[in-house]
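Q: Handing you a structure now.
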Amino acid sequence: MNENLPGWQRLTGILRDPREALTLSRGNIELWANLLIILCALVFMLLKGATFAVTLTTVFGIWAMLSISLNLVVGYTGLLSVGHIGFFGLGAYTVAILTSTTSYENLRTGEIPTFGWPFFAALPVAALVAGLVALLVGIAFNRFRDDIYVLVSFGFAIISFNVFLNLRVLTRGAFGIHDVARPQIGSWVFDTELELMLVSLVLLAIVIGISWFIVSSSFGRVLKAIREDEQVAEVFGYHVTHYKLAVWVISAMMTGLAGGMFSSWTTFIDPNSFILLESILLVSIVILGGLATIWGSLLGALAFVLLEEGMRFLPFLPQEYVGQARQVVLGVLLVVLMVFRPQGLVGRFKL
Amino acid sequence: MSNNASQNDYYILETLDISKHFGGVSAVDGLSISIPRRGVTSIVGPNGSGKSTLINLLSGTLPLDDGIVVIDGQRLRTIHAYETPDHSITRTFQEVRLFDQISVLDNILVVLTTRKFWSAVFERTSRQHRARAQEILEQVGMWEKKDSLAMDLSYGQRKLLEIGRAMALNVNIYLLDEPFAGLFPQMLERVKVLLKDLRDQGRTIIFVSHNMEIVREMADHLIVLDGGKLLLAGEVEDVLNQPEVISAYLGT
Amino acid sequence: MLSYFSRTERLIATLLVAIVLIYIGWRAISSPEQAMQFGFNGLSVGAIYALMAIGFTLVYSTVWFFDLYYGAAAALGAYSVFYLRSQEWLGGQYQVNTPVVNIILAMVVAGVAAWVIHTAFYGRFKERVDATALRIVGGALAMAIGIYTGLVLTFPSYLHITFGPVAAVAIGVAALWGIKYLYDRVSGGRGPRAGLLIAILSGGALAITLGLILVNSPGSKLYLSWAVSCLLAGTVGLALYRGLYVRMRQRSRSPLIMLVASLGILLALTACISIVFQSAPRPLPDPFGSVPWTIGGANIKGFNFFAIGTAIAGFLALFSVLKWTSFGRAVRAIGDDEEVARVVGINTTVIVAIVFFVGTAFAAMAGILSGHDTAIQPRMGLLLLLKGWIASVVGGIGNLYGAILGGFVLGLIEQFAIWDLAGEWKDVVAFGLLILFLSFWPQGLLPRK
Amino acid sequence: MEQQSFTTQTAPTGLNGSGSDMTLELRDVSVHFGAVAALQNVSLGVSRGELAAVMGPNGAGKSTVLKAIMGLAPVTGGQVFWRGSPLVAATHEIVKQGISFVPQGRRVFTHLSVSENLELGCLYLNDRAEQQRRLDSVLELFPILYDKRRDMASQMSGGQQQMLALGRGLMANPEALLLDEPTLGLAPIIVKEVFEKVHEINEKLQTTIFVVEHNIKGVLDIASRAYVLDKGRLVHSGTPRSVQETNILTDVFLGRLGADSEEEP
């Protein structure tokens with residue numbers, strides 16, 4: 001069977017002749033990865049019941065939004081950005097600042113103004129703020145590539161963390177912002193887990209839709225061409241700088257969207273959610289799932305969420321070490337992937 | 001001025017005193033050449049004589065240090081790579097540079113689709129694009145391979161695909177850097193046929209080659225470079241029979 | 001095409017820098033005592049950055065890929081000092097000494113020792129001695145080294161007895177080699193055996209004296225723990241290089257693959273450190289007392305002098321090794337053109353392994369100093385690495401002079417910047433500086449010639 | 001060095017049939033880069049004290065011959081023989097066995113000084129006196145390097161860099177010196193100088209030299225054996241005179257030989 005056939009053609013092949021399924025599965029890492037992760041998810045949800053499943057789905061939705069938008073930059077355009085947590089934080093803080101109604105004394109500035117906007121008004125603003133900052137950052141970063149790009153994006157993550165921590169007038173520093181508004185339409189407040197899951201999934205659907213629209217257009221093809229060979233893409237008449245900047249801004253805006261959702265879901269944010277390490281985790285999700293596929297990012301996010309929950313079940317692992325143990329696993333996975341499978345589980349692009 | 005105009009009409013591409021230095025070494029040194037409209041011009045010369053640098057300069061891949069390039073009567077001091085399709089120029093590379101990790105079909109489609117920034121987002125691959133891509137891929141004999149990644153192709157196929165990709169861009173001037181190097185005989189024939197087709201459509205083909213046999217067969221005009229300077233230019237047989245050429249190749 | 005800034009923009013940037021410099025100068029003149037304090041703090045912090053940058057430059061300019069493990073090495077170094085010293089110093093407040101860690105580290109050390117013994121001796125002796133016997137002896141030796149490491153780690157309060165003599169012997173041997181080398185250079189290699197004799201005598205004497213001093217003074221444990229930490233971090237670096245990077249480099253993959261792999265290593269190691277030590281910041285003991293001296297109105301601790309001294313000594317040592325020894329020549333040759341270096345008969349794998357070892361030892365030392373300066377936390381490594389990298393970009397990447405200059409410049413600028421800004425903004429200033437330099441002066445202050 | 005079994009086997013029928021007197025020899029060597037064949041069943045060699053030249057147009061696989069000897073190219077068939085026994089060693093070990101390689105394009109260590117560059121040629125020696133002796137003799141052979149010995153190699157002209165590369169190769173005191181395109185990209189007057197120097201090394205030091213060259217005239221004057229490669233195959237071997245007589249070079253270079261070729265890079 002031809003390896004290069006698209007998935008649906010293989011599926012119809014299996015429907016016609018079930019034996020195809022056997023030949024397909026032999027040595028097919030992608031298929032096994034898919035099956036394993038989805039099965040794990042199902043088993044988990046069955047074991048832990050509906051509430052757990054709903055929360056898991058919400059968290060998954062946020063991480064999936066993040067990884068899809070990062071994949072647009074890393075997988076499709078080939079810019080390995082480790083700074084996306086900055087845009088995530090920008091989105092989260094914008095929504096938090098605009099919607100929070102709790103005001104309290106700050107050490108220096110006294111009363112902090114509150115805006116009390118509704119969530120759905122703040123969310124687009126969050127995306128816009130992230131996009132605007134991305135535009136400025138992108139203009140400065142566009143000249144760098146490869147390893148230099150990675151390092152300056154590290155820089156962006158650290159700078160944004162510092163801003164969140166130290167710009168107390170707006171972000172209230174290490175105290176964090178409480179009482180971030182839940183989504184609300186009219187008098188319908190989305191404050192149960194199920195309703196939040198709904199919002200998360202709708203936003204995820206929007207992100208998937210936008211990403212798919214870009215990826216499947218001529219624009220997306222040019223992005224891949226730029227990833228492969230910037231100079232040649234330029235010889236064929238594409239102004240590479242503009243394309244890179246555009247996709248960077250779009251990706252940042254979607255990341256900001258995810259940030260807004262995150263802050264409304266937790267209702268409390270502080271700078272510790274936006275440390276550099278989270279950004280590295282994010283990159284490892286994207287690489288684990290697979291570069292340059294939307295499906296891969298979904299899979300990676302799912303695997304990541306499951307990994308955390310799965311580790312809570314390990315009897316020998318104390319609860320407080322779960323986060324760290326997950327990091328160890330992801331780190332080792334990253335090394336293993338780089339040695340044996342640099343495109344990730346279902347990826348279409350090798351670093 | 002009529003004389004001048006007719007000259008401009010005869011030559012599609014001229015360089016006036018162009019130079020390019022790398023560190024202290026001049027790869028191209030005050031070079032002035034004229035390339036006639038239509039037909040095939042070959043650029044030959046020993047290693048390090050500046051052939052590839054010349055192609056890179058003409059296609060904007062390298063910035064000019066000095067001098068002027070006249071393309072179709074338009075005088076240019078700088079050529080930006082992303083403007084070359086507007087100047088009706090495209091090129092291939094000496095070491096084949098495809099978009100490795102996308103499919104063969106996409107490699108052609110990248111070139112076919114719109115170059116306008118905003119409309120690219122809203123443009124899907126249309127039936128005309130696919131038809132045109134199929135036409136080109138069939139011409140280079142790779143339609144069956146359309147779904148495989150460009151990096152999985154053999155060397156000869158990659159070379160052909162790169163020429164196909166250049167052909168997809170409907171321009172007048174083709175700069176081909178060593179299009180024949182390292183090809184099987186039947187591949188070689190195929191490339192020859194492709195180039196002859198292009199020539200018969202009235203395009204200008206400029207290619208660099210080391211293979212003198214093919215130069216004899218394919219080229220109408222010949223430009224011999226040595227040490228970044230013009231050694232000789234003219235009709236192929238005339239030039240090849242000059243003793244300077246033989247001595248440039250076999251050493252002093 | 002990358003868009004470069006035009007000349008006018010570059011001019012504006014230069015003007016900006018000039019204004020900043022003038023402002024700092026004006027502030028310094030208006031309150032010289034404070035300027036002295038900030039300047040000294042800057043130099044002290046800069047020394048740590050410089051140390052980081054020196055080691056980083058050594059590694060980067062040899063293998064030309066960005067190794068993030070280098071950051072983890074700094075944390076590893078600092079935490080192993082904590083590991084060895086906390087029990088005694090903090091009075092069992094933290095029960096960190098666990099057999100698991102000791103066994104793992106002992107195994108790593110044994111593995112690296114086995115490789116070192118193999119590459120150094122196996123090829124040389126296999127024709128003269130039976131190969132299996134050689135393997136058995138080598139294996140046993142490596143095991144012994146591993147077990148010894150385990151012992152040293154398990155009983156940190158006896159460090160001066162378990163490790164003191166070893167350190168003394170090592171220093172003695174180093175002195176022996178150094179004297180012999182100098183003697184050979186002076187005599188042009190034609191001198192009599194007297195040089196060797198002098199070297200052996202003086203080296204031996206040094207080793208014995210030092211050994212006696214170390215064993216009999218329990219106060220030396222902190223300094224010995226530094227040595228152990230540097231060695232451990234270096235060994236882990238060597239193990240990673242040998243086990244992972246060599247393989248990846250042979251396939252000559254893109255630098256990004258190496259970078260992401262080392263990102264994974266950083267992630268995993270940071271998390272391991274957090275698991276063993278918890279992620280909250282921890283203090284390190286002040287090695288030279290905390291009573292400050294007052295010089296020119298500035299309060300200066302002995303430790304600050306030590307940090308600056310270490311950076312300069314490290315620079316001088318590395319510089320002279322690179323400049324005058326054949327090892328240094330080989331290192332520079334590999335950095336220049338690895339293939340040709342192999343062609344002229346340099347065993348590049350071994351040389352690069354040593355470079356990794358030395359480089360990570362430098363990182364560990366920087367980490368230790370930084371820990372003594374402020375506090376240690378698992379995530380300190382990456383930030384230190386990035387600061388070291390910024391320092392080397394500022395100084396001119398791949399240039400050893402640039403590394404030390406860049407380190408001090410970065411430290412000074414950070415300190416002077418937080419004079420008027422709040423102290424928390426210094427990372428922002430550092431990265432602003434980085435982007436400024438990468439955009440306008442990618443060559444750095446002292447370009448690599 | 002483990003198999004010093006001096007089998008007096010006669011070499012398999014090389015094209016020239018002179019076989020076993022070769023000190024360095026490729027027997028039926030093929031080299032493939034991926035699917036691309038750079039060399040196909042090429043048998044050639046050089047006798048002790050001789051200067052052999054390998055010629056051919058671009059992409060004929062000339063440089064690959066030398067890279068195959070040095071272990072820098074993947075040999076997929078055949079074997080390289082050195083002093084009668086197969087040459088199997090890591091690249092850095094080959095130098096110690098007496099083969100020195102001067103790669104194409106004057107790849108000197110540009111960030112190192114001239115004398116450091118030279119010392120790198122015999123860095124594996126622990127004997128400083130011997131190192132110094134060799135340095136002196138090489139500097140004597142290349143007076144131009146003596147004048148510049150403290151300068152950075154990057155500050156030298158192309159010709160001087162080539163001399164430096166040659167000198168670095170000689171520092172290993174090699175029995176055989178492999179030169180890859182030593183005159184590439186040099187001015188004609190320097191080319192002449194380089195050839196004279198190569199000739200001098202061959203004559204005075206009795207070093208076996210294997211040179212890959214595109215400059216036919218220059219190299220044929222000094223060579224005692226000549227091979228012509230075309231598209232990864234050996235098309236001619238014999239004395240320089242035979243090469244000049246048969247006109248084969250003009251045919252190969254100006255493309256009159258017919259394109260019955262396989263793929264090559």
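To be explicit about the labels: the chains of the structure tokens are called A, B, and onward in the order shown, and within each one the residues are counted from 1, while ligands get numbers from 1 in the order they are shown.
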Which neighbours of stretch 34-40 of chain C fall inside 9 Å, counting only C-alpha atoms, when residues of the same chain fewer than 5 positions from it are skipped, and could you give them as a VMD selection string?
A: chain C and resid 24 27 to 29 45 295 to 300 304 411 to 412 415 to 416 419
Q: From a DSSP pass on the backbone, collect the residues of stretch 16-251 of chain B flagged as strand (DSSP E) and hand them back as a count of residues only.
A: 58
Q: Chain D residues within 6 Å of chain C, counting only C-alpha atoms: which ones, as a count of residues only?
A: 6
Q: Name all residues at most 9 Å from B:Lys146 (count only C-alpha atoms; drop same-chain ones fewer than 5 positions away) and give them as a PyMOL selection string.
A: chain B and resi 103-106+134+137
Q: If you keep all heavy atoms, can you produce a file of those selected residues as a PDB file, in the first residue's frame?
A:
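Writing done, so here's again.pdb:
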ATOM      1  N   SER B 103       5.796  18.006  -1.075  1.00  0.00           N
ATOM      2  CA  SER B 103       5.644  17.044  -2.163  1.00  0.00           C
ATOM      3  C   SER B 103       6.086  17.654  -3.494  1.00  0.00           C
ATOM      4  O   SER B 103       6.219  18.863  -3.643  1.00  0.00           O
ATOM      5  CB  SER B 103       4.199  16.586  -2.258  1.00  0.00           C
ATOM      6  OG  SER B 103       3.414  17.634  -2.785  1.00  0.00           O
ATOM      7  N   VAL B 104       6.293  16.768  -4.445  1.00  0.00           N
ATOM      8  CA  VAL B 104       6.708  17.196  -5.782  1.00  0.00           C
ATOM      9  C   VAL B 104       5.681  18.144  -6.376  1.00  0.00           C
ATOM     10  O   VAL B 104       6.022  19.194  -6.929  1.00  0.00           O
ATOM     11  CB  VAL B 104       6.891  15.946  -6.670  1.00  0.00           C
ATOM     12  CG1 VAL B 104       7.045  16.342  -8.119  1.00  0.00           C
ATOM     13  CG2 VAL B 104       8.073  15.132  -6.196  1.00  0.00           C
ATOM     14  N   LEU B 105       4.409  17.772  -6.217  1.00  0.00           N
ATOM     15  CA  LEU B 105       3.342  18.610  -6.761  1.00  0.00           C
ATOM     16  C   LEU B 105       3.382  20.004  -6.123  1.00  0.00           C
ATOM     17  O   LEU B 105       3.307  21.020  -6.817  1.00  0.00           O
ATOM     18  CB  LEU B 105       1.992  17.937  -6.489  1.00  0.00           C
ATOM     19  CG  LEU B 105       0.778  18.635  -7.066  1.00  0.00           C
ATOM     20  CD1 LEU B 105       0.854  18.663  -8.576  1.00  0.00           C
ATOM     21  CD2 LEU B 105      -0.487  17.950  -6.611  1.00  0.00           C
ATOM     22  N   ASP B 106       3.540  20.037  -4.812  1.00  0.00           N
ATOM     23  CA  ASP B 106       3.575  21.329  -4.114  1.00  0.00           C
ATOM     24  C   ASP B 106       4.769  22.165  -4.555  1.00  0.00           C
ATOM     25  O   ASP B 106       4.689  23.385  -4.606  1.00  0.00           O
ATOM     26  CB  ASP B 106       3.631  21.112  -2.599  1.00  0.00           C
ATOM     27  CG  ASP B 106       2.253  20.868  -2.027  1.00  0.00           C
ATOM     28  OD1 ASP B 106       1.288  21.047  -2.788  1.00  0.00           O
ATOM     29  OD2 ASP B 106       2.140  20.502  -0.848  1.00  0.00           O
ATOM     30  N   GLN B 134       0.180  19.576 -13.580  1.00  0.00           N
ATOM     31  CA  GLN B 134       0.218  18.241 -14.186  1.00  0.00           C
ATOM     32  C   GLN B 134       0.941  18.284 -15.523  1.00  0.00           C
ATOM     33  O   GLN B 134       1.776  17.426 -15.824  1.00  0.00           O
ATOM     34  CB  GLN B 134      -1.206  17.726 -14.369  1.00  0.00           C
ATOM     35  CG  GLN B 134      -1.255  16.362 -15.022  1.00  0.00           C
ATOM     36  CD  GLN B 134      -2.639  15.750 -14.967  1.00  0.00           C
ATOM     37  OE1 GLN B 134      -3.593  16.381 -14.557  1.00  0.00           O
ATOM     38  NE2 GLN B 134      -2.721  14.499 -15.385  1.00  0.00           N
ATOM     39  N   LEU B 137       4.632  18.567 -14.821  1.00  0.00           N
ATOM     40  CA  LEU B 137       5.187  17.337 -14.259  1.00  0.00           C
ATOM     41  C   LEU B 137       5.214  16.241 -15.306  1.00  0.00           C
ATOM     42  O   LEU B 137       6.137  15.419 -15.354  1.00  0.00           O
ATOM     43  CB  LEU B 137       4.380  16.892 -13.043  1.00  0.00           C
ATOM     44  CG  LEU B 137       4.686  17.667 -11.772  1.00  0.00           C
ATOM     45  CD1 LEU B 137       3.819  17.193 -10.637  1.00  0.00           C
ATOM     46  CD2 LEU B 137       6.147  17.518 -11.400  1.00  0.00           C
TER      47      LEU B 137
END
Q: If you run DSSP on the backbone here, which positions in stretch 26-62 of chain B get helix (DSSP H, G or I)? Please write them as a VMD selection string.
A: chain B and resid 51 to 58
Q: Got a sec to pull out which chain B residues are within 6 Å of chain A, counting only C-alpha atoms, and send them as a list in words?
A: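 That gives Ala81, Tyr82, Glu83, Pro85, Phe99, Ala120, Val121, Glu123 and Arg124 of chain B for chain B.
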Q: Need to verify the contact set: B:Leu175, 9 Å, only C-alpha atoms, exclusion of same-chain residues closer than 4 positions in sequence. Can you return it as an mmCIF file with N, CA, C and O atoms, in the first residue's frame?
A:
data_model
loop_
_atom_site.group_PDB
_atom_site.id
_atom_site.type_symbol
_atom_site.label_atom_id
_atom_site.label_comp_id
_atom_site.auth_asym_id
_atom_site.auth_seq_id
_atom_site.Cartn_x
_atom_site.Cartn_y
_atom_site.Cartn_z
ATOM 1 N N ILE B 55 25.672 34.022 -12.284
ATOM 2 C CA ILE B 55 24.252 33.627 -12.212
ATOM 3 C C ILE B 55 23.625 34.167 -10.925
ATOM 4 O O ILE B 55 22.511 34.704 -10.936
ATOM 5 N N LEU B 58 22.955 37.880 -11.288
ATOM 6 C CA LEU B 58 21.861 38.209 -12.194
ATOM 7 C C LEU B 58 20.513 37.872 -11.591
ATOM 8 O O LEU B 58 19.501 38.486 -11.911
ATOM 9 N N SER B 59 20.475 36.878 -10.702
ATOM 10 C CA SER B 59 19.189 36.475 -10.136
ATOM 11 C C SER B 59 18.946 37.119 -8.771
ATOM 12 O O SER B 59 17.991 36.771 -8.096
ATOM 13 N N ILE B 89 12.778 36.854 -14.930
ATOM 14 C CA ILE B 89 13.968 36.016 -14.792
ATOM 15 C C ILE B 89 13.670 34.916 -13.801
ATOM 16 O O ILE B 89 13.000 35.147 -12.803
ATOM 17 N N THR B 90 14.139 33.739 -14.056
ATOM 18 C CA THR B 90 14.180 32.748 -12.991
ATOM 19 C C THR B 90 15.435 31.909 -13.161
ATOM 20 O O THR B 90 16.157 32.069 -14.138
ATOM 21 N N ARG B 91 15.665 31.021 -12.211
ATOM 22 C CA ARG B 91 16.950 30.321 -12.228
ATOM 23 C C ARG B 91 16.837 28.937 -11.612
ATOM 24 O O ARG B 91 15.875 28.597 -10.937
ATOM 25 N N THR B 92 17.870 28.137 -11.843
ATOM 26 C CA THR B 92 18.071 26.913 -11.073
ATOM 27 C C THR B 92 19.427 27.020 -10.399
ATOM 28 O O THR B 92 20.203 27.932 -10.685
ATOM 29 N N PHE B 93 19.677 26.092 -9.496
ATOM 30 C CA PHE B 93 20.909 26.172 -8.717
ATOM 31 C C PHE B 93 21.858 25.031 -9.071
ATOM 32 O O PHE B 93 21.430 23.982 -9.529
ATOM 33 N N THR B 204 14.713 32.969 -23.681
ATOM 34 C CA THR B 204 16.166 33.060 -23.636
ATOM 35 C C THR B 204 16.682 32.107 -22.565
ATOM 36 O O THR B 204 16.231 32.168 -21.421
ATOM 37 N N ILE B 205 17.599 31.252 -22.930
ATOM 38 C CA ILE B 205 18.149 30.311 -21.962
ATOM 39 C C ILE B 205 19.637 30.579 -21.807
ATOM 40 O O ILE B 205 20.368 30.689 -22.791
ATOM 41 N N ILE B 206 20.036 30.721 -20.571
ATOM 42 C CA ILE B 206 21.453 30.926 -20.301
ATOM 43 C C ILE B 206 21.866 29.793 -19.392
ATOM 44 O O ILE B 206 21.283 29.625 -18.311
ATOM 45 N N PHE B 207 22.816 28.976 -19.808
ATOM 46 C CA PHE B 207 23.194 27.905 -18.903
ATOM 47 C C PHE B 207 24.703 27.803 -18.749
ATOM 48 O O PHE B 207 25.475 28.142 -19.632
ATOM 49 N N VAL B 208 25.085 27.330 -17.568
ATOM 50 C CA VAL B 208 26.484 27.096 -17.260
ATOM 51 C C VAL B 208 26.715 25.611 -17.414
ATOM 52 O O VAL B 208 25.899 24.806 -16.977
#
Q: Could you name the residues that touch B:Leu183 at 6 Å or less, counting only C-alpha atoms, but leaving out those on the same chain fewer than 2 positions away, as a list in words?
A: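 These residues fall inside the cut-off: Gly156, Ala181, Met187 and Leu188 of chain B; Glu263 of chain D.
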Q: Once you have the residues from the selection above, write them out as a PDB file, in the first residue's frame, restricted to N, CA, C and O atoms.
A:
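File written: again-v4.pdb
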ATOM      1  N   GLY B 156      18.898  12.669 -10.381  1.00  0.00           N
ATOM      2  CA  GLY B 156      18.449  13.091 -11.703  1.00  0.00           C
ATOM      3  C   GLY B 156      17.037  13.646 -11.673  1.00  0.00           C
ATOM      4  O   GLY B 156      16.740  14.668 -12.294  1.00  0.00           O
ATOM      5  N   ALA B 181      24.761  18.565 -15.241  1.00  0.00           N
ATOM      6  CA  ALA B 181      25.792  17.876 -14.469  1.00  0.00           C
ATOM      7  C   ALA B 181      25.223  16.641 -13.797  1.00  0.00           C
ATOM      8  O   ALA B 181      24.167  16.677 -13.177  1.00  0.00           O
ATOM      9  N   MET B 187      18.087  10.881 -18.895  1.00  0.00           N
ATOM     10  CA  MET B 187      17.723  12.123 -18.216  1.00  0.00           C
ATOM     11  C   MET B 187      18.283  13.313 -18.977  1.00  0.00           C
ATOM     12  O   MET B 187      17.634  14.344 -19.146  1.00  0.00           O
ATOM     13  N   LEU B 188      19.508  13.128 -19.417  1.00  0.00           N
ATOM     14  CA  LEU B 188      20.192  14.180 -20.157  1.00  0.00           C
ATOM     15  C   LEU B 188      19.384  14.550 -21.392  1.00  0.00           C
ATOM     16  O   LEU B 188      19.134  15.724 -21.672  1.00  0.00           O
TER      17      LEU B 188
ATOM     18  N   GLU D 263      25.353   7.988 -13.514  1.00  0.00           N
ATOM     19  CA  GLU D 263      25.205   9.191 -12.705  1.00  0.00           C
ATOM     20  C   GLU D 263      26.448   9.434 -11.892  1.00  0.00           C
ATOM     21  O   GLU D 263      27.086   8.522 -11.400  1.00  0.00           O
TER      22      GLU D 263
END
